[in-house]
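For reference, data-v3.csv is printed below; it contains CSV, C-alpha atoms.
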```
chain,number,residue,atom,x,y,z
A,30,MET,CA,92.9,10.7,-66.1
A,31,LYS,CA,89.9,11.6,-68.3
A,32,LEU,CA,88.0,8.6,-66.8
A,33,LEU,CA,88.8,9.7,-63.3
A,34,VAL,CA,87.5,13.2,-63.9
A,35,SER,CA,84.4,11.9,-65.6
A,36,THR,CA,83.8,9.5,-62.7
A,37,PHE,CA,84.2,12.3,-60.2
A,38,LEU,CA,81.8,14.6,-62.1
A,39,LEU,CA,79.2,11.8,-62.4
A,40,SER,CA,79.4,11.0,-58.7
A,41,LEU,CA,79.2,14.7,-57.7
A,42,ALA,CA,76.2,15.2,-60.0
A,43,ALA,CA,74.5,12.1,-58.4
A,44,SER,CA,75.1,13.3,-54.9
A,45,VAL,CA,74.0,16.9,-55.6
A,46,GLY,CA,71.1,15.9,-57.8
A,47,THR,CA,68.8,14.9,-54.9
A,48,LEU,CA,69.2,18.2,-53.1
A,49,SER,CA,66.7,21.0,-53.2
A,50,PHE,CA,67.0,23.9,-50.6
A,51,ALA,CA,69.7,26.5,-50.7
A,52,HIS,CA,71.6,27.7,-47.6
A,53,THR,CA,70.4,31.2,-47.6
A,54,GLU,CA,69.2,33.5,-44.8
A,55,LYS,CA,65.7,33.3,-46.2
A,56,ALA,CA,63.3,31.1,-44.2
A,57,HIS,CA,62.3,28.0,-46.1
A,58,GLY,CA,58.6,27.7,-47.0
A,59,LYS,CA,56.5,24.7,-46.0
A,60,LYS,CA,57.1,21.6,-48.0
A,61,SER,CA,54.3,20.9,-50.4
A,62,ALA,CA,55.5,17.4,-51.5
A,63,PRO,CA,55.0,14.4,-49.3
A,64,VAL,CA,57.9,13.5,-47.0
A,65,LYS,CA,60.2,11.0,-48.7
A,66,LYS,CA,60.2,7.7,-46.7
A,67,GLU,CA,63.7,6.2,-47.3
A,68,GLN,CA,65.2,3.8,-44.8
A,69,LYS,CA,68.6,5.1,-43.7
A,70,GLU,CA,71.1,3.6,-41.3
A,71,TRP,CA,69.8,6.0,-38.6
A,72,GLY,CA,66.1,5.4,-39.2
A,73,ILE,CA,63.3,6.6,-41.4
A,74,ALA,CA,61.1,9.7,-41.7
A,75,GLY,CA,58.3,9.6,-39.1
A,76,ASP,CA,54.6,10.5,-39.1
A,77,ALA,CA,53.5,13.4,-36.9
A,78,LYS,CA,50.6,11.3,-35.7
A,79,SER,CA,53.0,8.6,-34.4
A,80,VAL,CA,55.2,11.0,-32.3
A,81,GLN,CA,55.9,9.5,-28.9
A,82,ARG,CA,58.1,12.2,-27.5
A,83,THR,CA,59.2,15.8,-28.3
A,84,VAL,CA,62.8,16.9,-27.7
A,85,THR,CA,63.8,20.6,-28.0
A,86,LEU,CA,67.3,21.5,-29.1
A,87,THR,CA,68.8,24.9,-29.4
A,88,MET,CA,71.5,26.1,-31.8
A,89,THR,CA,73.6,29.2,-31.2
A,90,ASP,CA,76.3,31.2,-33.0
A,91,ASN,CA,78.9,29.7,-30.6
A,92,MET,CA,78.5,26.7,-32.9
A,93,ARG,CA,77.0,24.3,-30.4
A,94,PHE,CA,73.8,22.4,-29.9
A,95,THR,CA,72.1,22.1,-26.5
A,96,PRO,CA,71.7,19.3,-25.7
A,97,ASP,CA,74.4,17.7,-27.8
A,98,ARG,CA,73.7,14.1,-26.8
A,99,LEU,CA,70.4,12.4,-27.3
A,100,THR,CA,69.2,8.8,-26.5
A,101,PHE,CA,66.1,7.1,-28.0
A,102,LYS,CA,64.6,3.7,-27.9
A,103,GLN,CA,64.6,1.6,-31.0
A,104,GLY,CA,61.3,2.2,-32.8
A,105,GLU,CA,60.6,5.5,-31.1
A,106,THR,CA,59.2,8.3,-33.3
A,107,VAL,CA,60.4,11.7,-32.1
A,108,ARG,CA,59.6,15.3,-32.9
A,109,LEU,CA,62.8,17.3,-32.8
A,110,VAL,CA,62.0,21.0,-32.2
A,111,ILE,CA,65.0,23.0,-33.2
A,112,GLN,CA,65.4,26.6,-32.0
A,113,ASN,CA,68.0,28.9,-33.6
A,114,LYS,CA,68.9,31.4,-30.9
A,115,GLY,CA,71.7,32.8,-33.0
A,116,LYS,CA,72.0,35.5,-35.7
A,117,LEU,CA,73.2,33.1,-38.4
A,118,LEU,CA,71.3,30.4,-40.4
A,119,HIS,CA,71.9,27.0,-38.8
A,120,GLU,CA,70.7,23.5,-39.6
A,121,LEU,CA,70.4,20.1,-38.0
A,122,VAL,CA,71.3,17.1,-40.2
A,123,ILE,CA,71.2,13.5,-38.8
A,124,GLY,CA,73.4,10.8,-40.2
A,125,THR,CA,76.5,8.7,-39.7
A,126,LYS,CA,79.8,10.3,-39.1
A,127,LYS,CA,81.0,9.1,-42.5
A,128,GLU,CA,78.0,10.6,-44.3
A,129,LEU,CA,78.2,13.9,-42.4
A,130,ASP,CA,82.0,14.2,-43.1
A,131,GLU,CA,81.4,13.7,-46.8
A,132,HIS,CA,78.5,16.1,-46.9
A,133,ALA,CA,80.4,18.7,-44.9
A,134,ALA,CA,83.3,18.5,-47.4
A,135,LEU,CA,80.9,19.1,-50.2
A,136,MET,CA,79.4,22.1,-48.4
A,137,LEU,CA,82.9,23.7,-48.1
A,138,LYS,CA,83.4,23.3,-51.9
A,139,PHE,CA,79.8,24.3,-52.8
A,140,PRO,CA,78.5,26.5,-49.9
A,141,GLY,CA,75.3,27.4,-51.9
A,142,MET,CA,74.5,23.7,-52.5
A,143,GLU,CA,70.8,23.1,-52.2
A,144,HIS,CA,69.3,20.2,-50.2
A,145,ASP,CA,66.3,19.1,-48.3
A,146,GLU,CA,65.7,15.7,-46.8
A,147,PRO,CA,63.4,14.6,-44.0
A,148,TYR,CA,66.4,14.1,-41.6
A,149,MET,CA,67.4,17.8,-42.1
A,150,ALA,CA,66.0,21.0,-40.7
A,151,HIS,CA,67.2,24.4,-41.8
A,152,VAL,CA,66.4,27.1,-39.3
A,153,ALA,CA,66.7,30.9,-39.9
A,154,ALA,CA,68.2,33.2,-37.2
A,155,GLY,CA,65.8,33.6,-34.4
A,156,LYS,CA,63.3,31.0,-35.7
A,157,THR,CA,62.2,27.5,-34.8
A,158,GLY,CA,62.0,24.5,-37.1
A,159,GLY,CA,61.8,20.8,-36.7
A,160,LEU,CA,61.5,17.3,-38.0
A,161,VAL,CA,59.8,14.0,-37.1
A,162,TRP,CA,62.0,10.9,-37.2
A,163,THR,CA,61.6,7.3,-36.4
A,164,PHE,CA,64.8,5.8,-34.9
A,165,ASN,CA,64.2,2.2,-36.0
A,166,ARG,CA,67.8,1.0,-36.0
A,167,VAL,CA,70.0,0.4,-32.9
A,168,GLY,CA,73.3,2.2,-33.0
A,169,GLU,CA,75.4,5.4,-32.5
A,170,PHE,CA,74.6,8.2,-34.9
A,171,ASP,CA,75.5,11.8,-35.3
A,172,PHE,CA,73.9,15.1,-36.0
A,173,ALA,CA,75.5,18.4,-37.1
A,174,CYS,CA,75.2,21.7,-38.7
A,175,LEU,CA,76.8,21.3,-42.1
A,176,ILE,CA,76.8,25.0,-43.2
A,177,ALA,CA,80.3,25.7,-44.4
A,178,GLY,CA,82.6,26.2,-41.4
A,179,HIS,CA,80.0,25.3,-38.7
A,180,TYR,CA,80.7,21.6,-38.7
A,181,GLN,CA,84.5,22.3,-38.7
A,182,ALA,CA,83.9,24.6,-35.7
A,183,GLY,CA,82.4,21.7,-33.7
A,184,MET,CA,78.7,22.1,-34.2
A,185,VAL,CA,78.0,18.4,-33.8
A,186,GLY,CA,76.1,16.0,-31.5
A,187,LYS,CA,75.6,12.3,-30.8
A,188,ILE,CA,72.5,10.1,-30.9
A,189,SER,CA,72.3,6.7,-29.2
A,190,VAL,CA,69.5,4.4,-30.2
A,191,VAL,CA,69.1,1.5,-27.7
A,192,ALA,CA,67.1,-1.7,-28.1
A,193,ARG,CA,63.7,-1.8,-26.4
```

Just give me the structure as structure tokens.
Amino acid sequence: MKLLVSTFLLSLAASVGTLSFAHTEKAHGKKSAPVKKEQKEWGIAGDAKSVQRTVTLTMTDNMRFTPDRLTFKQGETVRLVIQNKGKLLHELVIGTKKELDEHAALMLKFPGMEHDEPYMAHVAAGKTGGLVWTFNRVGEFDFACLIAGHYQAGMVGKISVVAR
């Protein structure tokens, strides 16, 4: 039992250790550190100078994204402009269903958990945020707002990346 608890605490610390922005109503400042380029199943952080297309999404307090389905070509670098038209803080996090499920469960347990990755955008009420992402892997991926309760209320969407 002691080993199980230790293993759980170590894995929790490892998963939380890379996170850096809190879910607060304050607007997040501009990032001063360079964007971390880490290959994920759903792609890699893109460069602004390589953007081929800009897509605007809106988030509202009815816990929905518009649009909630996106399609990109493999290798396409996209600027996602994310408008929060609600009165609550929202975010957009890209990932696999499995990763989003796991992250959402952690957010329920630790609603003040801090994190910031290039595939995430936290947007204060009434503000606009964004991210640049290169979709270099073919597949079906997901995006969601993982703020406690928002994911569970259906604030999710789908991304299809098709071969060129």

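With distances restricted to all atoms listed in the file, A:Pro147 is the closest residue to Asp76 (chain A) from A:Pro147, A:Gly155, A:Gly168, A:Pro96.
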
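Nearest to Ala192 (chain A) of all the residues A:Ile123, A:Leu86, A:Val167, A:Met136 is A:Val167, counting only C-alpha atoms.
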
- Message: Around (76.3, 28.8, -32.3), as given in the file, which residues come within 12 Å? Count all atoms listed in the file and list them as number ranges by chain.
- Response: A: 87-95, 112-121, 154-155, 173-174, 176, 178-180, 182-185

Restricting it to C-alpha atoms, dump the selection as a compact mmCIF listing (two decimals), in the coordinates of the input.
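Saved to out.txt:
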```txt
# COMPACT_ATOMS: atom_id res chain seq x y z
CA THR A 87 68.80 24.90 -29.40
CA MET A 88 71.50 26.10 -31.80
CA THR A 89 73.60 29.20 -31.20
CA ASP A 90 76.30 31.20 -33.00
CA ASN A 91 78.90 29.70 -30.60
CA MET A 92 78.50 26.70 -32.90
CA ARG A 93 77.00 24.30 -30.40
CA PHE A 94 73.80 22.40 -29.90
CA THR A 95 72.10 22.10 -26.50
CA GLN A 112 65.40 26.60 -32.00
CA ASN A 113 68.00 28.90 -33.60
CA LYS A 114 68.90 31.40 -30.90
CA GLY A 115 71.70 32.80 -33.00
CA LYS A 116 72.00 35.50 -35.70
CA LEU A 117 73.20 33.10 -38.40
CA LEU A 118 71.30 30.40 -40.40
CA HIS A 119 71.90 27.00 -38.80
CA GLU A 120 70.70 23.50 -39.60
CA LEU A 121 70.40 20.10 -38.00
CA ALA A 154 68.20 33.20 -37.20
CA GLY A 155 65.80 33.60 -34.40
CA ALA A 173 75.50 18.40 -37.10
CA CYS A 174 75.20 21.70 -38.70
CA ILE A 176 76.80 25.00 -43.20
CA GLY A 178 82.60 26.20 -41.40
CA HIS A 179 80.00 25.30 -38.70
CA TYR A 180 80.70 21.60 -38.70
CA ALA A 182 83.90 24.60 -35.70
CA GLY A 183 82.40 21.70 -33.70
CA MET A 184 78.70 22.10 -34.20
CA VAL A 185 78.00 18.40 -33.80
```

- Query: So what do you get for CA of Val122 (chain A) versus CA of Lys78 (chain A), distance-wise?
  - Reply: 22.0 Å

- Message: List as a ChimeraX atom specification the protein and nucleic acid residues near Met149 (chain A), meaning an atom at most 12 Å away when only C-alpha atoms are counted, but skip any in the same chain fewer than 2 places from it.
- Response: /A:48-50,64-65,73-74,109-111,119-124,129,143-147,151-152,158-162,172-176

- Query: Interatomic distance between CA of Thr100 (chain A) and CA of Val190 (chain A)?
  - Reply: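 CA of Thr100 (chain A) sits 5.8 Å away from CA of Val190 (chain A).
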